[in-house]
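Text of the file work_5.txt, holding compact mmCIF, C-alpha atoms and all ligand atoms:
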# COMPACT_ATOMS: atom_id res chain seq x y z
CA MET A 1 -12.83 71.82 98.13
CA ILE A 2 -16.40 73.09 98.19
CA PHE A 3 -16.93 76.20 96.08
CA ILE A 4 -19.28 78.99 97.09
CA LYS A 5 -20.84 80.50 93.99
CA ASN A 6 -21.08 84.27 93.52
CA GLU A 7 -24.11 86.06 92.11
CA ARG A 8 -22.93 85.88 88.51
CA GLU A 9 -22.22 82.17 88.79
CA ILE A 10 -25.59 81.55 90.40
CA GLU A 11 -27.31 83.33 87.49
CA LEU A 12 -25.55 81.05 85.00
CA MET A 13 -26.31 77.96 87.11
CA LYS A 14 -29.99 78.98 87.06
CA LYS A 15 -29.89 79.21 83.27
CA ALA A 16 -28.23 75.79 82.99
CA GLY A 17 -30.77 74.32 85.41
CA MET A 18 -33.69 75.80 83.48
CA LEU A 19 -32.37 74.30 80.27
CA VAL A 20 -32.34 70.88 81.94
CA SER A 21 -35.96 71.44 83.04
CA LEU A 22 -36.98 72.54 79.55
CA THR A 23 -35.31 69.51 77.98
CA HIS A 24 -37.19 67.16 80.31
CA GLN A 25 -40.43 68.99 79.50
CA TYR A 26 -39.70 68.71 75.79
CA LEU A 27 -39.03 64.96 76.00
CA LYS A 28 -42.06 64.02 78.08
CA PRO A 29 -44.61 63.67 75.24
CA PHE A 30 -42.22 61.39 73.33
CA ILE A 31 -41.90 58.89 76.18
CA LYS A 32 -44.32 56.33 74.69
CA PRO A 33 -44.18 52.65 73.76
CA GLY A 34 -42.22 52.05 70.54
CA ILE A 35 -39.66 54.86 70.72
CA THR A 36 -36.04 53.76 71.14
CA THR A 37 -33.82 55.23 73.82
CA LYS A 38 -31.45 56.37 71.05
CA GLN A 39 -34.26 58.36 69.43
CA LEU A 40 -35.01 60.03 72.78
CA ASP A 41 -31.33 60.87 73.20
CA LYS A 42 -31.19 62.43 69.73
CA LEU A 43 -34.25 64.57 70.49
CA ALA A 44 -32.62 65.75 73.73
CA HIS A 45 -29.28 66.37 72.04
CA ASP A 46 -30.76 68.51 69.27
CA PHE A 47 -32.97 70.45 71.69
CA ILE A 48 -29.99 71.24 73.92
CA ILE A 49 -27.90 72.53 71.01
CA LYS A 50 -30.80 74.54 69.57
CA ASN A 51 -31.18 76.29 72.91
CA GLY A 52 -27.53 77.27 73.26
CA GLY A 53 -26.55 74.51 75.71
CA THR A 54 -23.80 71.90 75.72
CA PRO A 55 -24.51 68.18 76.15
CA THR A 56 -21.81 67.87 78.83
CA GLN A 57 -22.08 64.11 79.25
CA ILE A 58 -20.75 63.40 75.74
CA GLY A 59 -17.11 62.42 76.15
CA TYR A 60 -17.21 62.49 79.94
CA GLU A 61 -14.93 59.59 80.88
CA GLY A 62 -15.73 58.25 77.43
CA TYR A 63 -19.53 58.32 77.86
CA PRO A 64 -21.05 58.47 74.36
CA CYS A 65 -24.44 60.23 74.72
CA ALA A 66 -26.18 63.41 75.85
CA THR A 67 -28.44 61.54 78.27
CA CYS A 68 -28.47 58.43 80.42
CA ILE A 69 -31.66 56.43 79.86
CA SER A 70 -32.27 53.61 82.31
CA ILE A 71 -35.18 51.18 81.91
CA ASN A 72 -36.76 49.15 84.78
CA ASP A 73 -33.97 47.29 86.63
CA THR A 74 -31.30 49.63 85.25
CA VAL A 75 -30.65 52.04 88.12
CA VAL A 76 -28.48 54.64 86.35
CA HIS A 77 -26.15 55.24 83.39
CA GLY A 78 -28.13 53.27 80.82
CA ILE A 79 -26.58 54.05 77.42
CA PRO A 80 -29.19 55.02 74.81
CA GLY A 81 -29.48 52.37 72.10
CA ASN A 82 -31.94 50.40 69.99
CA GLU A 83 -34.11 49.13 72.82
CA LYS A 84 -37.73 50.24 72.44
CA LEU A 85 -39.81 51.45 75.37
CA LYS A 86 -42.71 49.10 76.15
CA ASP A 87 -46.04 49.63 77.85
CA GLY A 88 -45.51 49.07 81.57
CA ASP A 89 -41.84 50.13 81.68
CA ILE A 90 -40.46 52.81 83.92
CA VAL A 91 -37.63 54.81 82.43
CA THR A 92 -35.23 57.28 84.02
CA ILE A 93 -33.79 60.08 81.95
CA ASP A 94 -30.78 61.79 83.52
CA MET A 95 -28.77 64.55 81.92
CA VAL A 96 -26.14 67.18 82.60
CA ILE A 97 -26.33 70.30 80.44
CA GLY A 98 -23.80 73.12 80.29
CA TYR A 99 -24.59 76.78 79.76
CA LYS A 100 -21.60 79.13 79.31
CA GLY A 101 -19.50 76.62 81.22
CA TYR A 102 -21.90 76.11 84.15
CA GLN A 103 -23.73 72.83 84.65
CA GLY A 104 -27.26 71.71 85.54
CA ASP A 105 -28.21 68.10 86.32
CA ALA A 106 -31.57 66.45 86.89
CA ALA A 107 -33.06 62.98 86.56
CA TRP A 108 -36.69 61.88 86.48
CA THR A 109 -38.31 58.51 86.25
CA TYR A 110 -41.22 58.36 83.83
CA ALA A 111 -44.02 55.84 83.38
CA VAL A 112 -44.43 54.34 79.90
CA GLY A 113 -48.14 53.72 79.29
CA ASN A 114 -49.80 51.83 82.13
CA ILE A 115 -47.51 50.67 84.92
CA SER A 116 -48.03 48.31 87.86
CA GLU A 117 -49.01 49.49 91.34
CA GLU A 118 -45.55 48.46 92.57
CA LYS A 119 -43.84 50.70 90.05
CA LYS A 120 -46.19 53.58 90.88
CA TYR A 121 -45.36 53.16 94.56
CA LEU A 122 -41.63 53.08 93.84
CA MET A 123 -41.77 56.23 91.68
CA GLN A 124 -43.93 58.19 94.09
CA HIS A 125 -41.84 57.42 97.12
CA THR A 126 -38.48 57.90 95.42
CA GLU A 127 -39.58 61.38 94.40
CA LYS A 128 -40.82 62.04 97.93
CA ALA A 129 -37.50 60.82 99.36
CA LEU A 130 -35.76 63.43 97.18
CA TYR A 131 -37.99 66.18 98.60
CA GLU A 132 -37.38 64.93 102.15
CA GLY A 133 -33.66 65.38 101.46
CA ILE A 134 -34.15 68.80 99.89
CA LYS A 135 -36.12 70.00 102.94
CA GLN A 136 -32.92 69.66 104.97
CA VAL A 137 -31.08 72.16 102.78
CA LYS A 138 -30.35 75.38 104.69
CA PRO A 139 -27.24 77.12 105.98
CA GLY A 140 -25.93 75.47 109.12
CA ASN A 141 -27.34 72.01 108.41
CA ARG A 142 -24.93 69.27 107.38
CA ILE A 143 -24.78 66.95 104.38
CA GLY A 144 -25.56 64.05 106.74
CA ASP A 145 -28.92 65.65 107.54
CA ILE A 146 -29.87 65.28 103.87
CA SER A 147 -28.51 61.71 103.67
CA ASN A 148 -30.31 60.64 106.80
CA ALA A 149 -33.64 62.17 105.73
CA VAL A 150 -33.51 60.27 102.41
CA GLU A 151 -32.61 56.96 104.03
CA THR A 152 -35.16 57.30 106.82
CA TYR A 153 -37.95 58.01 104.34
CA ALA A 154 -36.91 55.10 102.09
CA LYS A 155 -36.77 52.67 105.02
CA GLU A 156 -40.16 53.77 106.32
CA HIS A 157 -41.52 52.86 102.91
CA ASN A 158 -39.65 49.55 102.65
CA LEU A 159 -37.55 50.62 99.70
CA GLY A 160 -33.87 49.75 99.16
CA VAL A 161 -31.29 52.56 98.95
CA VAL A 162 -28.50 52.11 96.42
CA LYS A 163 -25.42 53.01 98.47
CA GLU A 164 -22.56 52.79 95.96
CA LEU A 165 -23.71 55.92 94.11
CA CYS A 166 -24.35 59.35 95.54
CA GLY A 167 -25.17 62.98 94.84
CA HIS A 168 -22.52 65.65 94.44
CA GLY A 169 -21.60 69.30 94.31
CA ILE A 170 -21.90 70.92 90.88
CA GLY A 171 -20.61 74.07 89.17
CA THR A 172 -18.29 74.35 86.20
CA ASP A 173 -17.70 70.62 86.73
CA MET A 174 -20.61 68.17 86.80
CA HIS A 175 -19.10 66.48 89.84
CA GLU A 176 -17.64 68.72 92.53
CA ASP A 177 -17.26 68.34 96.28
CA PRO A 178 -19.01 67.42 98.47
CA ASP A 179 -20.38 63.90 98.02
CA VAL A 180 -24.05 63.70 98.99
CA PRO A 181 -24.79 60.11 100.08
CA ASN A 182 -28.33 58.78 100.31
CA TYR A 183 -27.79 57.10 103.68
CA GLY A 184 -25.98 57.60 106.95
CA PRO A 185 -26.29 59.40 110.27
CA LYS A 186 -27.46 62.98 110.63
CA GLY A 187 -25.25 65.68 112.12
CA VAL A 188 -22.14 64.63 110.18
CA GLY A 189 -20.39 65.85 107.03
CA PRO A 190 -19.71 69.32 105.66
CA ARG A 191 -21.91 72.19 106.79
CA LEU A 192 -24.10 73.84 104.18
CA LYS A 193 -23.40 77.48 103.41
CA GLU A 194 -25.26 80.05 101.34
CA GLY A 195 -24.06 79.86 97.72
CA MET A 196 -23.24 76.14 97.67
CA ILE A 197 -24.91 74.15 94.89
CA ILE A 198 -25.47 70.41 95.22
CA CYS A 199 -27.25 67.60 93.41
CA ILE A 200 -29.39 65.36 95.58
CA GLU A 201 -30.30 62.11 93.84
CA PRO A 202 -31.83 59.15 95.65
CA MET A 203 -31.78 55.88 93.71
CA LEU A 204 -34.28 53.55 95.34
CA ASN A 205 -35.40 50.08 94.41
CA TYR A 206 -38.15 47.67 95.07
CA GLY A 207 -36.06 44.76 96.32
CA ALA A 208 -32.61 44.28 97.78
CA ASP A 209 -30.24 47.18 97.19
CA ASP A 210 -27.35 45.26 95.58
CA ILE A 211 -26.23 46.37 92.14
CA TYR A 212 -23.78 45.39 89.41
CA VAL A 213 -22.26 47.11 86.39
CA MET A 214 -22.99 45.55 82.99
CA ASP A 215 -20.41 44.59 80.37
CA ASP A 216 -20.86 47.93 78.60
CA GLY A 217 -18.95 49.43 81.54
CA TRP A 218 -21.75 51.87 82.38
CA SER A 219 -25.24 50.46 82.94
CA VAL A 220 -25.82 49.86 86.64
CA LYS A 221 -28.50 47.23 87.34
CA THR A 222 -30.15 45.82 90.43
CA LEU A 223 -28.74 42.38 91.19
CA ASP A 224 -32.16 40.88 91.86
CA GLY A 225 -33.73 42.37 88.72
CA THR A 226 -36.31 44.45 90.59
CA PRO A 227 -37.13 47.91 89.24
CA ALA A 228 -35.34 51.05 90.41
CA ALA A 229 -36.28 54.73 90.32
CA HIS A 230 -34.05 57.81 90.41
CA TYR A 231 -34.93 61.45 90.96
CA GLU A 232 -32.40 64.25 91.04
CA HIS A 233 -32.46 68.01 91.44
CA THR A 234 -29.75 70.64 91.37
CA VAL A 235 -30.28 72.70 94.54
CA LEU A 236 -28.87 76.08 95.64
CA VAL A 237 -28.37 76.82 99.34
CA THR A 238 -29.97 80.24 99.93
CA GLN A 239 -29.81 82.56 102.93
CA ASP A 240 -32.64 80.80 104.70
CA GLY A 241 -33.19 77.54 102.83
CA TYR A 242 -32.95 76.36 99.25
CA GLU A 243 -33.92 77.00 95.68
CA ILE A 244 -34.38 74.17 93.19
CA LEU A 245 -32.54 75.17 90.00
CA THR A 246 -34.08 72.36 87.92
CA PRO A 247 -37.79 72.88 88.66
CA ARG A 248 -40.30 70.46 87.19
CA LEU A 249 -42.25 72.21 84.46
CA LYS A 250 -45.72 71.18 83.40
CA GLU A 251 -46.15 69.21 80.21
CA LYS A 252 -46.93 71.59 77.36
N1 LIG B 301 -26.04 62.72 85.51
C1 LIG B 301 -25.15 61.85 86.23
C2 LIG B 301 -25.06 62.29 87.67
O1 LIG B 301 -26.05 62.50 88.27
C3 LIG B 301 -23.81 61.76 85.60
C4 LIG B 301 -23.83 61.04 84.36
S1 LIG B 301 -22.36 60.24 84.14
C5 LIG B 301 -22.09 60.38 82.51
O2 LIG B 301 -24.02 62.43 88.25
F1 LIG B 301 -20.98 59.82 82.29
F2 LIG B 301 -23.06 59.85 81.88
F3 LIG B 301 -22.03 61.63 82.19
CO CO B 302 -27.58 63.32 87.02
Just dump the structure as structure tokens.
Ligand code: MF3
Ligand code: CO
Amino acid sequence: MIFIKNEREIELMKKAGMLVSLTHQYLKPFIKPGITTKQLDKLAHDFIIKNGGTPTQIGYEGYPCATCISINDTVVHGIPGNEKLKDGDIVTIDMVIGYKGYQGDAAWTYAVGNISEEKKYLMQHTEKALYEGIKQVKPGNRIGDISNAVETYAKEHNLGVVKELCGHGIGTDMHEDPDVPNYGPKGVGPRLKEGMIICIEPMLNYGADDIYVMDDGWSVKTLDGTPAAHYEHTVLVTQDGYEILTPRLKEK
């Protein structure tokens, strides 16, 4: 069932979304060679608590941390640990934060030091694929219009689309209906209505799109070891289009 949010709920979703944006902004200057992913997670965790939020991911299906931190060929759900970021890595930080019971979710891929042209290309075009999807958000359009826009853009840029994972509705639960796939035909799927809130999150990679889950039960990696990028926004369907609830803030 797809929930339509009322004005009060939308206000709380905006607050949750802004807290996700602020946490990303806070982390950005720390994303440097030498820091461990566990240290980044601790910084995020403490910042969330200090600002009145809840690190919703902790305990979700047994997940242990506030953030997912995925380096290079890890597509999503990397568990923070003792691995240090190195010059030339790309790293995705993804997090769900609760505010008074309402959830915000956003992921960004960051460059660590100097990265290769291939990685720059992958990051740039994965982010653009997200915005191509977001442009389709308006009442009357269908979920498939978003999916198709993401896939079309990725294909035009010779990037692989990870198909096993998708975006989702969001509200008091981090994962609500509907699913928001990153591929498929346009004109299909649920129709968007004012007051729906969805997460759009293309995961693109630089090689073939096959993936596997590591022994830790969480980390999803590309089978061929090529790097992957992941960008995600929480997006509200408005009367005539959309509003991004997790806007990207400038580095302080
Ligand atoms: N942020 C992820 C998403 O986009 C969910 C993380 S799964 C968790 O859906 F287990 F780590 F919480
Ligand atoms: Co997410």
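Residues having any atom no farther than 10 Å from (-42.9, 68.5, 91.6) (counting all atoms listed in the file) are Glu127, Lys128, Tyr131, Pro247, Arg248, Leu249 and Lys250 of chain A.
The protein and nucleic acid residues lying at most 7 Å from range 17-26 of chain A are Ala44, Phe47, Ile48, Ile97, Gly104, Asp105, Ala106, Leu245, Thr246, Pro247, Arg248, Leu249, Lys250 and Glu251 of chain A, with only C-alpha atoms considered and sequence neighbours fewer than 5 positions away removed.
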Write out as an NGL selection string each polymer residue whose atoms come within 12 Å of His157 in chain A, counting only C-alpha atoms; drop sequence neighbours fewer than 6 positions from it.
:A and (118 or 121-126 or 128-129 or 150-151 or 204-207)
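Nearest to ligand LIG 301 (chain B) of all the residues A:Val112, A:Met95, A:Ile170, A:Met13 is A:Met95, counting only C-alpha atoms and all ligand atoms.
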Which residue of A:Arg142, A:Met214, A:Val162, A:His230 approaches Gly187 in chain A most closely, using all atoms listed in the file:
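Among A:Arg142, A:Met214, A:Val162, A:His230, it is A:Arg142 that comes nearest to Gly187 in chain A.
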Taking only C-alpha atoms into account, which of A:Ser116, A:Ser147, A:Thr234, A:Gln136 comes nearest Lys15 in chain A?
A:Thr234
Residues at most 9 Å from ligand LIG 301 (chain B), using only C-alpha atoms and all ligand atoms? Could they come as a PyMOL selection string?
chain A and resi 56-68+76-79+93-96+105-107+165-168+174-175+199-201+218+232
Between CA of Gly34 in chain A and CA of Ser70 in chain A, what is the distance, to one decimal in Å?
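Interatomic distance here is 15.5 Å.
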Pick the closest to Val220 in chain A from A:Asn6, A:Val75, A:Lys193, A:Glu243: which is it, counting all atoms listed in the file?
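With all atoms listed in the file as the atom set, the closest residue is A:Val75.
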Between A:Pro202, A:Gly171, A:Pro227, A:Gly241, which one has atoms that come closest to Glu11 in chain A, using only C-alpha atoms?
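Checking each of A:Pro202, A:Gly171, A:Pro227, A:Gly241 against Glu11 in chain A, counting only C-alpha atoms, the winner is A:Gly171.
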Check the smallest atom-to-atom distance from each of A:Ala154, A:Leu159, A:Ile211, A:Thr92 to ligand CO 302 (chain B) using all atoms listed in the file, then report the winner.
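Of the candidates, the smallest distance to ligand CO 302 (chain B) is held by A:Thr92.
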